[in-house]
file entry32.tsv (TSV, C-alpha atoms)
chain	number	residue	atom	x	y	z
A	15	MET	CA	0.00	0.00	0.00
A	16	MET	CA	1.36	3.43	-0.99
A	17	ALA	CA	2.35	5.89	1.73
A	18	ASP	CA	-0.39	8.39	0.82
A	19	VAL	CA	-3.14	5.74	1.10
A	20	VAL	CA	-4.94	5.41	4.45
A	21	LEU	CA	-7.33	2.63	3.43
A	22	SER	CA	-7.20	0.17	0.53
A	23	VAL	CA	-10.05	-2.05	-0.67
A	24	GLN	CA	-9.04	-4.88	-3.02
A	25	GLY	CA	-11.37	-7.44	-4.63
A	26	LEU	CA	-14.04	-7.01	-1.97
A	27	GLY	CA	-17.07	-9.27	-2.23
A	28	LYS	CA	-19.91	-10.25	0.05
A	29	THR	CA	-22.48	-13.04	-0.27
A	30	PHE	CA	-25.18	-13.50	2.35
A	31	THR	CA	-26.16	-17.11	2.86
A	32	ALA	CA	-28.87	-18.86	4.84
A	33	ARG	CA	-29.27	-22.59	5.32
A	34	GLY	CA	-31.43	-24.16	2.64
A	35	THR	CA	-31.64	-21.03	0.44
A	36	PRO	CA	-29.51	-19.70	-2.44
A	37	GLY	CA	-26.95	-17.12	-1.42
A	38	VAL	CA	-27.50	-13.45	-2.23
A	39	GLU	CA	-24.42	-11.80	-3.71
A	40	ALA	CA	-24.45	-8.22	-2.42
A	41	LEU	CA	-20.98	-7.07	-3.55
A	42	ARG	CA	-18.56	-8.22	-6.23
A	43	ASP	CA	-14.92	-7.26	-6.90
A	44	ILE	CA	-14.85	-3.81	-5.26
A	45	HIS	CA	-11.54	-1.94	-5.62
A	46	PHE	CA	-10.62	1.56	-4.43
A	47	ASP	CA	-8.05	3.44	-2.33
A	48	LEU	CA	-8.73	6.29	0.09
A	49	LYS	CA	-5.91	8.82	0.48
A	50	TRP	CA	-5.04	10.81	3.57
A	51	GLY	CA	-7.33	13.85	3.84
A	52	GLU	CA	-9.50	12.67	0.94
A	53	VAL	CA	-13.31	12.51	0.91
A	54	ILE	CA	-14.92	9.77	-1.19
A	55	ALA	CA	-18.67	9.53	-1.74
A	56	ILE	CA	-20.20	6.17	-2.67
A	57	LEU	CA	-23.35	6.66	-4.71
A	58	GLY	CA	-25.72	4.09	-6.13
A	59	PRO	CA	-29.30	2.85	-6.48
A	60	SER	CA	-31.17	1.48	-3.50
A	61	GLY	CA	-30.09	-2.07	-2.65
A	62	CYS	CA	-26.72	-1.88	-4.42
A	63	GLY	CA	-24.70	-2.73	-1.29
A	64	LYS	CA	-23.59	0.73	-0.12
A	65	SER	CA	-24.40	0.00	3.52
A	66	THR	CA	-22.76	-3.42	3.22
A	67	ILE	CA	-19.52	-1.67	2.26
A	68	PHE	CA	-19.97	0.63	5.25
A	69	ASN	CA	-20.39	-2.30	7.65
A	70	ILE	CA	-17.35	-4.12	6.26
A	71	LEU	CA	-15.17	-1.01	6.50
A	72	ALA	CA	-16.46	-0.42	10.05
A	73	ARG	CA	-15.28	-3.98	10.85
A	74	SER	CA	-18.75	-5.07	11.97
A	75	LEU	CA	-19.20	-7.43	9.00
A	76	ALA	CA	-16.69	-9.85	7.47
A	77	PRO	CA	-16.24	-9.90	3.68
A	78	SER	CA	-16.68	-13.11	1.70
A	79	GLN	CA	-13.84	-12.25	-0.67
A	80	GLY	CA	-11.06	-9.70	-0.92
A	81	SER	CA	-9.41	-7.55	1.70
A	82	VAL	CA	-9.43	-4.17	3.41
A	83	THR	CA	-6.04	-2.79	4.46
A	84	TYR	CA	-5.96	-0.04	7.07
A	85	GLY	CA	-3.01	2.41	7.20
A	86	THR	CA	0.25	0.55	7.28
A	87	GLY	CA	2.49	1.31	10.23
A	88	ILE	CA	-0.39	2.43	12.47
A	89	ALA	CA	-0.64	0.19	15.53
A	90	ASP	CA	-4.00	1.51	16.73
A	91	PHE	CA	-5.99	2.31	13.59
A	92	ARG	CA	-9.28	3.95	14.50
A	93	VAL	CA	-12.49	4.30	12.49
A	94	GLY	CA	-15.27	6.69	13.50
A	95	CYS	CA	-18.83	5.94	12.39
A	96	VAL	CA	-21.87	8.17	11.84
A	97	PHE	CA	-25.07	6.28	11.07
A	98	GLN	CA	-28.38	7.12	9.41
A	99	GLU	CA	-29.80	7.80	12.87
A	100	SER	CA	-27.87	9.46	15.70
A	101	ARG	CA	-27.98	6.45	18.07
A	102	LEU	CA	-27.49	8.71	21.09
A	103	LEU	CA	-28.06	7.25	24.55
A	104	PRO	CA	-31.32	8.89	25.74
A	105	TRP	CA	-30.39	8.79	29.43
A	106	ARG	CA	-27.10	10.65	28.90
A	107	THR	CA	-26.64	14.36	28.31
A	108	ILE	CA	-25.16	15.61	25.04
A	109	ARG	CA	-21.76	16.05	26.69
A	110	ASP	CA	-21.88	12.59	28.26
A	111	ASN	CA	-22.85	11.00	24.93
A	112	VAL	CA	-19.67	12.31	23.34
A	113	TRP	CA	-17.60	11.50	26.42
A	114	PHE	CA	-18.91	7.93	26.30
A	115	ALA	CA	-16.73	7.33	23.21
A	116	LEU	CA	-13.63	8.01	25.35
A	117	GLN	CA	-14.60	5.83	28.29
A	118	GLY	CA	-13.34	2.65	26.65
A	119	LYS	CA	-9.95	1.75	25.23
A	120	HIS	CA	-9.70	4.95	23.16
A	121	GLY	CA	-9.60	7.12	26.27
A	122	ARG	CA	-7.34	4.84	28.26
A	123	GLY	CA	-4.35	6.65	29.72
A	124	LEU	CA	-5.89	10.08	29.12
A	125	PRO	CA	-6.81	11.93	32.34
A	126	VAL	CA	-10.52	12.66	32.77
A	127	ALA	CA	-9.89	16.42	32.66
A	128	GLN	CA	-8.24	16.08	29.24
A	129	GLN	CA	-11.03	13.81	28.00
A	130	LEU	CA	-13.65	16.37	28.94
A	131	GLU	CA	-11.59	19.17	27.43
A	132	ARG	CA	-11.56	17.29	24.12
A	133	VAL	CA	-15.31	16.69	24.37
A	134	ASP	CA	-15.97	20.39	24.91
A	135	GLN	CA	-13.73	21.30	21.95
A	136	LEU	CA	-15.67	18.94	19.68
A	137	LEU	CA	-19.05	20.26	20.86
A	138	GLN	CA	-17.76	23.73	20.02
A	139	LEU	CA	-16.56	22.52	16.61
A	140	VAL	CA	-19.96	21.10	15.62
A	141	GLY	CA	-21.87	24.05	17.05
A	142	VAL	CA	-23.75	22.53	20.00
A	143	ALA	CA	-21.62	23.70	22.94
A	144	GLY	CA	-24.56	25.67	24.34
A	145	PHE	CA	-26.62	22.48	24.64
A	146	SER	CA	-24.07	20.24	26.35
A	147	HIS	CA	-26.25	19.59	29.40
A	148	ARG	CA	-29.42	18.88	27.46
A	149	PHE	CA	-30.70	15.37	26.72
A	150	PRO	CA	-31.17	14.04	23.15
A	151	HIS	CA	-34.97	14.40	23.22
A	152	GLU	CA	-34.54	18.10	24.03
A	153	ILE	CA	-32.73	18.96	20.78
A	154	SER	CA	-33.64	18.69	17.09
A	155	GLY	CA	-32.76	15.83	14.75
A	156	GLY	CA	-30.17	17.96	12.99
A	157	MET	CA	-28.48	18.81	16.27
A	158	GLN	CA	-28.54	15.14	17.28
A	159	GLN	CA	-26.60	14.32	14.12
A	160	ARG	CA	-24.06	17.03	14.98
A	161	VAL	CA	-23.55	15.32	18.32
A	162	ALA	CA	-23.13	12.00	16.50
A	163	VAL	CA	-20.38	13.57	14.35
A	164	ALA	CA	-18.66	14.90	17.49
A	165	ARG	CA	-18.85	11.45	19.11
A	166	ALA	CA	-17.29	9.83	16.03
A	167	LEU	CA	-14.47	12.40	16.04
A	168	ALA	CA	-13.85	11.97	19.78
A	169	VAL	CA	-11.68	8.89	19.24
A	170	ASP	CA	-9.51	10.87	16.76
A	171	PRO	CA	-10.14	8.39	13.92
A	172	GLN	CA	-7.92	8.03	10.89
A	173	VAL	CA	-11.05	7.43	8.79
A	174	LEU	CA	-14.56	8.78	9.31
A	175	LEU	CA	-17.35	6.58	7.87
A	176	MET	CA	-20.77	8.14	7.28
A	177	ASP	CA	-23.83	6.17	6.17
A	178	GLU	CA	-26.42	8.60	4.78
A	179	PRO	CA	-26.15	10.71	7.95
A	180	PHE	CA	-28.71	13.32	6.86
A	181	GLY	CA	-31.19	11.12	5.00
A	182	ALA	CA	-33.90	11.44	7.67
A	183	LEU	CA	-33.76	15.25	7.86
A	184	ASP	CA	-35.98	17.71	6.04
A	185	ALA	CA	-34.57	19.41	2.93
A	186	LEU	CA	-33.61	22.73	4.56
A	187	THR	CA	-31.98	21.11	7.59
A	188	ARG	CA	-30.17	18.61	5.35
A	189	ARG	CA	-28.71	21.42	3.20
A	190	HIS	CA	-27.53	23.27	6.30
A	191	MET	CA	-26.00	20.12	7.80
A	192	GLN	CA	-24.18	19.35	4.55
A	193	GLU	CA	-22.54	22.77	4.66
A	194	GLU	CA	-21.70	22.32	8.34
A	195	LEU	CA	-20.19	18.89	7.67
A	196	ALA	CA	-18.02	20.35	4.90
A	197	ARG	CA	-16.71	22.92	7.40
A	198	VAL	CA	-16.08	20.35	10.14
A	199	VAL	CA	-14.31	17.90	7.82
A	200	GLU	CA	-12.10	20.69	6.49
A	201	MET	CA	-11.16	21.82	10.00
A	202	ALA	CA	-10.63	18.30	11.35
A	203	GLY	CA	-8.61	17.21	8.30
A	204	LYS	CA	-10.02	13.68	8.28
A	205	SER	CA	-10.24	11.08	5.53
A	206	VAL	CA	-13.94	10.39	4.93
A	207	ILE	CA	-16.08	7.80	3.17
A	208	LEU	CA	-19.63	9.06	2.71
A	209	ILE	CA	-22.42	6.67	1.74
A	210	THR	CA	-25.20	8.59	0.02
A	211	HIS	CA	-28.02	8.43	-2.52
A	212	ASP	CA	-27.97	12.22	-2.99
A	213	ILE	CA	-25.99	13.34	-6.07
A	214	ASP	CA	-25.83	16.97	-4.94
A	215	GLU	CA	-24.53	15.92	-1.51
A	216	ALA	CA	-21.87	13.74	-3.12
A	217	PHE	CA	-20.53	16.56	-5.29
A	218	LEU	CA	-20.78	19.14	-2.53
A	219	LEU	CA	-18.63	17.16	-0.09
A	220	ALA	CA	-16.42	14.68	-1.97
A	221	ASP	CA	-13.16	14.73	-3.91
A	222	ARG	CA	-14.20	11.57	-5.78
A	223	VAL	CA	-17.55	9.92	-6.40
A	224	LEU	CA	-17.79	6.15	-6.84
A	225	VAL	CA	-20.94	5.16	-8.73
A	226	MET	CA	-22.14	1.61	-8.05
A	227	THR	CA	-24.08	-0.84	-10.16
A	228	HIS	CA	-27.18	-2.60	-8.96
A	229	ARG	CA	-26.77	-5.85	-7.03
A	230	PRO	CA	-24.30	-7.41	-7.02
A	231	GLY	CA	-22.78	-4.02	-6.36
A	232	ARG	CA	-19.63	-3.12	-8.27
A	233	ILE	CA	-17.86	0.17	-8.95
A	234	ARG	CA	-19.07	1.28	-12.35
A	235	ALA	CA	-17.42	4.71	-12.42
A	236	ASP	CA	-14.78	6.58	-10.42
A	237	ILE	CA	-15.45	10.29	-10.97
A	238	PRO	CA	-13.02	13.00	-9.81
A	239	VAL	CA	-14.73	16.16	-8.58
A	240	PRO	CA	-12.93	19.13	-10.18
A	241	PHE	CA	-14.03	21.79	-7.67
A	242	ALA	CA	-11.89	22.95	-4.75
A	243	ARG	CA	-13.18	22.37	-1.24
A	244	PRO	CA	-14.98	23.79	0.64
A	245	ARG	CA	-17.81	24.38	-1.82
A	246	GLN	CA	-21.04	26.34	-1.71
A	247	PRO	CA	-24.22	24.84	-3.20
A	248	GLU	CA	-25.03	28.12	-4.93
A	249	GLY	CA	-21.65	28.12	-6.66
A	250	LEU	CA	-22.11	24.59	-7.97
A	251	GLU	CA	-25.64	25.26	-9.16
A	252	HIS	CA	-24.39	28.04	-11.45
A	253	ASP	CA	-21.43	26.09	-12.84
A	254	PRO	CA	-22.07	24.49	-16.30
A	255	LEU	CA	-19.36	21.88	-15.66
A	256	TYR	CA	-21.19	20.72	-12.53
A	257	HIS	CA	-24.39	20.17	-14.48
A	258	GLU	CA	-22.48	18.32	-17.20
A	259	ILE	CA	-20.97	15.87	-14.71
A	260	LYS	CA	-24.22	15.54	-12.79
A	261	LEU	CA	-26.05	14.61	-16.01
A	262	LYS	CA	-23.50	11.84	-16.68
A	263	VAL	CA	-24.03	10.44	-13.19
A	264	LEU	CA	-27.82	10.60	-13.56
A	265	ASN	CA	-27.55	8.71	-16.84
A	266	LEU	CA	-25.38	6.03	-15.21
A	267	LEU	CA	-27.85	5.60	-12.36
A	268	ARG	CA	-30.78	5.55	-14.78
A	269	GLU	CA	-29.10	2.79	-16.77
A	270	GLU	CA	-28.64	0.76	-13.59
A	271	VAL	CA	-32.27	1.15	-12.57
A	272	GLU	CA	-33.49	0.24	-16.06
A	273	GLN	CA	-31.18	-2.78	-16.15
A	274	HIS	CA	-32.57	-3.91	-12.81
A	275	LEU	CA	-36.18	-3.48	-13.96
A	276	ARG	CA	-35.50	-5.42	-17.16
A	277	SER	CA	-33.93	-8.27	-15.23
A	278	ARG	CA	-36.93	-8.34	-12.89
A	279	GLN	CA	-39.36	-8.48	-15.82
A	280	GLU	CA	-37.37	-11.28	-17.44
A	281	TRP	CA	-37.43	-13.18	-14.13
A	282	VAL	CA	-41.22	-12.78	-13.79
A	283	GLY	CA	-41.76	-13.94	-17.37
A	284	SER	CA	-39.52	-17.00	-17.16
A	285	GLU	CA	-40.11	-20.44	-15.68
A	286	THR	CA	-36.68	-20.65	-14.08
A	287	VAL	CA	-35.04	-18.34	-11.59
A	288	PRO	CA	-31.87	-16.74	-12.97
A	289	ARG	CA	-28.77	-17.15	-10.89
A	290	GLU	CA	-27.42	-14.09	-9.12
A	291	GLY	CA	-24.89	-12.36	-11.36
A	292	ASP	CA	-26.11	-13.84	-14.69
A	293	GLU	CA	-26.15	-10.36	-16.23
A	294	ALA	CA	-23.08	-9.37	-18.23
A	295	PRO	CA	-20.50	-7.65	-16.05
A	296	ARG	CA	-20.04	-3.95	-16.62
A	297	THR	CA	-16.58	-2.48	-16.79
A	298	GLN	CA	-15.48	0.13	-14.28
A	299	THR	CA	-14.96	3.41	-16.10
A	300	GLN	CA	-13.11	6.60	-15.33
A	301	ILE	CA	-15.04	9.76	-16.21
A	302	SER	CA	-12.93	12.84	-16.82
A	303	SER	CA	-14.42	16.14	-15.74
A	304	SER	CA	-13.41	17.62	-19.08
A	305	SER	CA	-14.83	14.89	-21.32
A	306	PRO	CA	-17.56	15.91	-23.75
call {"tool": "encode", "arguments": {"input": "entry32.tsv", "output": "structure tokens"}}
result
Amino acid sequence: MMADVVLSVQGLGKTFTARGTPGVEALRDIHFDLKWGEVIAILGPSGCGKSTIFNILARSLAPSQGSVTYGTGIADFRVGCVFQESRLLPWRTIRDNVWFALQGKHGRGLPVAQQLERVDQLLQLVGVAGFSHRFPHEISGGMQQRVAVARALAVDPQVLLMDEPFGALDALTRRHMQEELARVVEMAGKSVILITHDIDEAFLLADRVLVMTHRPGRIRADIPVPFARPRQPEGLEHDPLYHEIKLKVLNLLREEVEQHLRSRQEWVGSETVPREGDEAPRTQTQISSSSP
């Protein structure tokens, strides 16, 4: 693994099996590298295996094939996770929820005063310092997700994993939280993998966008984002190049959805059940931001 790579995924595959039933192949032959300080967004149709990738990278699910290599030469490699819901402990205050992340092995050897100082710095960073003694039910959903980001950063992770963290929020709150996340990531200087189904969110936050096929999920396109971070939504919306790249991504996703619907119709109209993966494999492509 090269020195500038913090996480490397090679030949990753995952098949879910249950006794007496055919296996379901969720992922096939996934390859990508995440560099230090880089933000990658993984985008794809519903059911393509995005969350399966998240769970494998978070080390809560074992792959069936391939490997994930975490930063060579780092004895205590840490991954911070932000989920679709905040998963805050309702009986703990906001401050104590973030502090909870440091009360295990990640806070070992660090005096309590220093732990709490770090917690307060993170609450300040994500903009909820004034609510540190409130309980989760006393703050909004957007603020709960800010606390979840602070908790994930508390362990000082080398990689921050985010699984559609703003999907449950209303449109205005989601836009605001996307801008806040861009600011926090820039200030914290973390490497990030963002799972999303929102094209605008992907191009607002990421340096590269990986577009996935339908199940079994593969990387169909690796798209560099040619705009410097941090970005403003208004700036992107008035940039012709942004709309050109966005149209290409929409076309890729549309092709995947249509391919899936065709395969479903063929399955309904046939007498035999096709095996998972019978469709012709698509080749991973590289889309240049300057291509016509």
call {"tool": "closest_residue", "arguments": {"input": "entry32.tsv", "among": "A:Val140, A:Leu219, A:Leu103, A:Leu21", "to": "Leu48 of chain A", "atoms": "only C-alpha atoms"}}
result
A:Leu21
call {"tool": "atom_distance", "arguments": {"input": "entry32.tsv", "atom1": "atom CA of Ile209 of chain A", "atom2": "atom CA of Glu178 of chain A"}}
result
5.4 Å
call {"tool": "atom_distance", "arguments": {"input": "entry32.tsv", "atom1": "atom CA of Phe91 of chain A", "atom2": "atom CA of Gln172 of chain A"}}
result
6.6 Å
call {"tool": "residues_around", "arguments": {"input": "entry32.tsv", "residues": "segment 22-39 of chain A", "least_positions_apart": "5", "cutoff": "6 Å", "atoms": "all atoms listed in the file", "output": "list in words"}}
result
Ile44, His45, Phe46, Asp47, Pro77, Ser78, Gln79, Gly80, Ser81, Val82, Thr83 and Pro230 of chain A
call {"tool": "write_last_selection", "arguments": {"input": "entry32.tsv", "atoms": "C-alpha atoms", "output": "short mmCIF file (atom, residue, chain, number, x, y, z; two decimals), in the coordinates of the input"}}
result
data_model
loop_
_atom_site.label_atom_id
_atom_site.label_comp_id
_atom_site.auth_asym_id
_atom_site.auth_seq_id
_atom_site.Cartn_x
_atom_site.Cartn_y
_atom_site.Cartn_z
CA ILE A 44 -14.85 -3.81 -5.26
CA HIS A 45 -11.54 -1.94 -5.62
CA PHE A 46 -10.62 1.56 -4.43
CA ASP A 47 -8.05 3.44 -2.33
CA PRO A 77 -16.24 -9.90 3.68
CA SER A 78 -16.68 -13.11 1.70
CA GLN A 79 -13.84 -12.25 -0.67
CA GLY A 80 -11.06 -9.70 -0.92
CA SER A 81 -9.41 -7.55 1.70
CA VAL A 82 -9.43 -4.17 3.41
CA THR A 83 -6.04 -2.79 4.46
CA PRO A 230 -24.30 -7.41 -7.02
#
call {"tool": "closest_residue", "arguments": {"input": "entry32.tsv", "among": "A:Ala40, A:Val206, A:Val239, A:Ala143", "to": "Leu218 of chain A", "atoms": "all atoms listed in the file"}}
result
A:Val239
call {"tool": "atom_distance", "arguments": {"input": "entry32.tsv", "atom1": "atom CA of Thr187 of chain A", "atom2": "atom CA of Gln158 of chain A"}}
result
11.9 Å
call {"tool": "closest_residue", "arguments": {"input": "entry32.tsv", "among": "A:Ala168, A:Leu130, A:Met226, A:Ala220", "to": "Ser65 of chain A", "atoms": "only C-alpha atoms"}}
result
A:Met226
call {"tool": "closest_residue", "arguments": {"input": "entry32.tsv", "among": "A:Leu195, A:Val93, A:Ala115, A:Val53", "to": "Gln129 of chain A", "atoms": "all atoms listed in the file"}}
result
A:Ala115
call {"tool": "residues_around", "arguments": {"input": "entry32.tsv", "residues": "Asp18 of chain A", "least_positions_apart": "6", "cutoff": "12 Å", "atoms": "all atoms listed in the file", "output": "count of residues only"}}
result
10
call {"tool": "closest_residue", "arguments": {"input": "entry32.tsv", "among": "A:Glu215, A:Glu258, A:Asp90, A:Glu99", "to": "Arg189 of chain A", "atoms": "all atoms listed in the file"}}
result
A:Glu215
call {"tool": "closest_residue", "arguments": {"input": "entry32.tsv", "among": "A:Ala162, A:Ile67, A:Val223, A:Val198", "to": "Ile259 of chain A", "atoms": "only C-alpha atoms"}}
result
A:Val223
call {"tool": "residues_around", "arguments": {"input": "entry32.tsv", "residues": "Glu194 of chain A", "least_positions_apart": "4", "cutoff": "12 Å", "atoms": "all atoms listed in the file", "output": "number ranges by chain"}}
result
A: 139-142, 156-157, 159-160, 163, 180, 187-190, 198-201, 218-219, 244-246
call {"tool": "axis_aligned_box", "arguments": {"input": "entry32.tsv", "around": "segment 251-260 of chain A", "padding_each_side": "4 Å", "output": "lines of an AutoDock Vina configuration file"}}
result
center_x = -22.5
center_y = 21.8
center_z = -13.2
size_x = 14.3
size_y = 20.5
size_z = 16.0
call {"tool": "residues_around", "arguments": {"input": "entry32.tsv", "residues": "segment 106-113 of chain A", "least_positions_apart": "5", "cutoff": "10 Å", "atoms": "all atoms listed in the file", "output": "PyMOL selection string"}}
result
chain A and resi 101+118+121+126+129-134+136-137+142-143+145-153+157-158+161-169
call {"tool": "decode", "arguments": {"input": "entry32.tsv", "residues": "segment 60-81 of chain A", "atoms": "N, CA, C and O atoms", "output": "mmCIF file, in the first residue's frame"}}
result
data_model
loop_
_atom_site.group_PDB
_atom_site.id
_atom_site.type_symbol
_atom_site.label_atom_id
_atom_site.label_comp_id
_atom_site.auth_asym_id
_atom_site.auth_seq_id
_atom_site.Cartn_x
_atom_site.Cartn_y
_atom_site.Cartn_z
ATOM 1 N N SER A 60 -30.789 2.178 -4.728
ATOM 2 C CA SER A 60 -31.169 1.477 -3.505
ATOM 3 C C SER A 60 -30.930 -0.022 -3.661
ATOM 4 O O SER A 60 -31.250 -0.614 -4.696
ATOM 5 N N GLY A 61 -30.326 -0.632 -2.628
ATOM 6 C CA GLY A 61 -30.089 -2.066 -2.647
ATOM 7 C C GLY A 61 -28.814 -2.491 -3.347
ATOM 8 O O GLY A 61 -28.595 -3.685 -3.551
ATOM 9 N N CYS A 62 -27.941 -1.531 -3.669
ATOM 10 C CA CYS A 62 -26.722 -1.880 -4.419
ATOM 11 C C CYS A 62 -25.585 -2.348 -3.521
ATOM 12 O O CYS A 62 -24.534 -2.757 -4.012
ATOM 13 N N GLY A 63 -25.744 -2.257 -2.196
ATOM 14 C CA GLY A 63 -24.700 -2.729 -1.293
ATOM 15 C C GLY A 63 -23.883 -1.634 -0.645
ATOM 16 O O GLY A 63 -22.844 -1.910 -0.039
ATOM 17 N N LYS A 64 -24.354 -0.379 -0.716
ATOM 18 C CA LYS A 64 -23.595 0.725 -0.120
ATOM 19 C C LYS A 64 -23.403 0.525 1.384
ATOM 20 O O LYS A 64 -22.292 0.679 1.911
ATOM 21 N N SER A 65 -24.488 0.195 2.072
ATOM 22 C CA SER A 65 -24.397 0.004 3.521
ATOM 23 C C SER A 65 -23.608 -1.249 3.878
ATOM 24 O O SER A 65 -23.000 -1.321 4.957
ATOM 25 N N THR A 66 -23.590 -2.230 2.990
ATOM 26 C CA THR A 66 -22.763 -3.417 3.223
ATOM 27 C C THR A 66 -21.287 -3.036 3.207
ATOM 28 O O THR A 66 -20.503 -3.504 4.042
ATOM 29 N N ILE A 67 -20.894 -2.175 2.273
ATOM 30 C CA ILE A 67 -19.521 -1.665 2.256
ATOM 31 C C ILE A 67 -19.222 -0.942 3.563
ATOM 32 O O ILE A 67 -18.162 -1.142 4.178
ATOM 33 N N PHE A 68 -20.145 -0.099 3.996
ATOM 34 C CA PHE A 68 -19.971 0.634 5.253
ATOM 35 C C PHE A 68 -19.705 -0.327 6.407
ATOM 36 O O PHE A 68 -18.760 -0.151 7.187
ATOM 37 N N ASN A 69 -20.523 -1.361 6.530
ATOM 38 C CA ASN A 69 -20.388 -2.299 7.653
ATOM 39 C C ASN A 69 -19.084 -3.090 7.592
ATOM 40 O O ASN A 69 -18.488 -3.398 8.629
ATOM 41 N N ILE A 70 -18.639 -3.410 6.384
ATOM 42 C CA ILE A 70 -17.353 -4.116 6.255
ATOM 43 C C ILE A 70 -16.200 -3.192 6.649
ATOM 44 O O ILE A 70 -15.298 -3.596 7.400
ATOM 45 N N LEU A 71 -16.241 -1.944 6.172
ATOM 46 C CA LEU A 71 -15.171 -1.006 6.503
ATOM 47 C C LEU A 71 -15.169 -0.664 7.993
ATOM 48 O O LEU A 71 -14.114 -0.381 8.575
ATOM 49 N N ALA A 72 -16.357 -0.694 8.605
ATOM 50 C CA ALA A 72 -16.460 -0.423 10.047
ATOM 51 C C ALA A 72 -16.052 -1.625 10.889
ATOM 52 O O ALA A 72 -16.072 -1.562 12.112
ATOM 53 N N ARG A 73 -15.731 -2.749 10.211
ATOM 54 C CA ARG A 73 -15.279 -3.983 10.855
ATOM 55 C C ARG A 73 -16.375 -4.643 11.695
ATOM 56 O O ARG A 73 -16.105 -5.362 12.648
ATOM 57 N N SER A 74 -17.642 -4.388 11.306
ATOM 58 C CA SER A 74 -18.754 -5.068 11.969
ATOM 59 C C SER A 74 -19.316 -6.195 11.110
ATOM 60 O O SER A 74 -20.240 -6.889 11.533
ATOM 61 N N LEU A 75 -18.760 -6.380 9.906
ATOM 62 C CA LEU A 75 -19.198 -7.432 8.998
ATOM 63 C C LEU A 75 -17.975 -7.939 8.243
ATOM 64 O O LEU A 75 -17.159 -7.145 7.760
ATOM 65 N N ALA A 76 -17.835 -9.258 8.162
ATOM 66 C CA ALA A 76 -16.687 -9.852 7.466
ATOM 67 C C ALA A 76 -16.991 -9.994 5.982
ATOM 68 O O ALA A 76 -18.096 -10.401 5.606
ATOM 69 N N PRO A 77 -16.027 -9.687 5.109
ATOM 70 C CA PRO A 77 -16.241 -9.896 3.676
ATOM 71 C C PRO A 77 -16.171 -11.379 3.325
ATOM 72 O O PRO A 77 -15.581 -12.174 4.057
ATOM 73 N N SER A 78 -16.776 -11.741 2.201
ATOM 74 C CA SER A 78 -16.679 -13.113 1.702
ATOM 75 C C SER A 78 -15.439 -13.289 0.838
ATOM 76 O O SER A 78 -14.871 -14.379 0.777
ATOM 77 N N GLN A 79 -15.046 -12.239 0.146
ATOM 78 C CA GLN A 79 -13.835 -12.249 -0.671
ATOM 79 C C GLN A 79 -13.114 -10.915 -0.515
ATOM 80 O O GLN A 79 -13.702 -9.923 -0.098
ATOM 81 N N GLY A 80 -11.830 -10.926 -0.887
ATOM 82 C CA GLY A 80 -11.062 -9.696 -0.925
ATOM 83 C C GLY A 80 -10.556 -9.260 0.433
ATOM 84 O O GLY A 80 -10.643 -9.998 1.421
ATOM 85 N N SER A 81 -10.046 -8.038 0.469
ATOM 86 C CA SER A 81 -9.411 -7.551 1.696
ATOM 87 C C SER A 81 -9.579 -6.046 1.831
ATOM 88 O O SER A 81 -9.784 -5.323 0.854
#
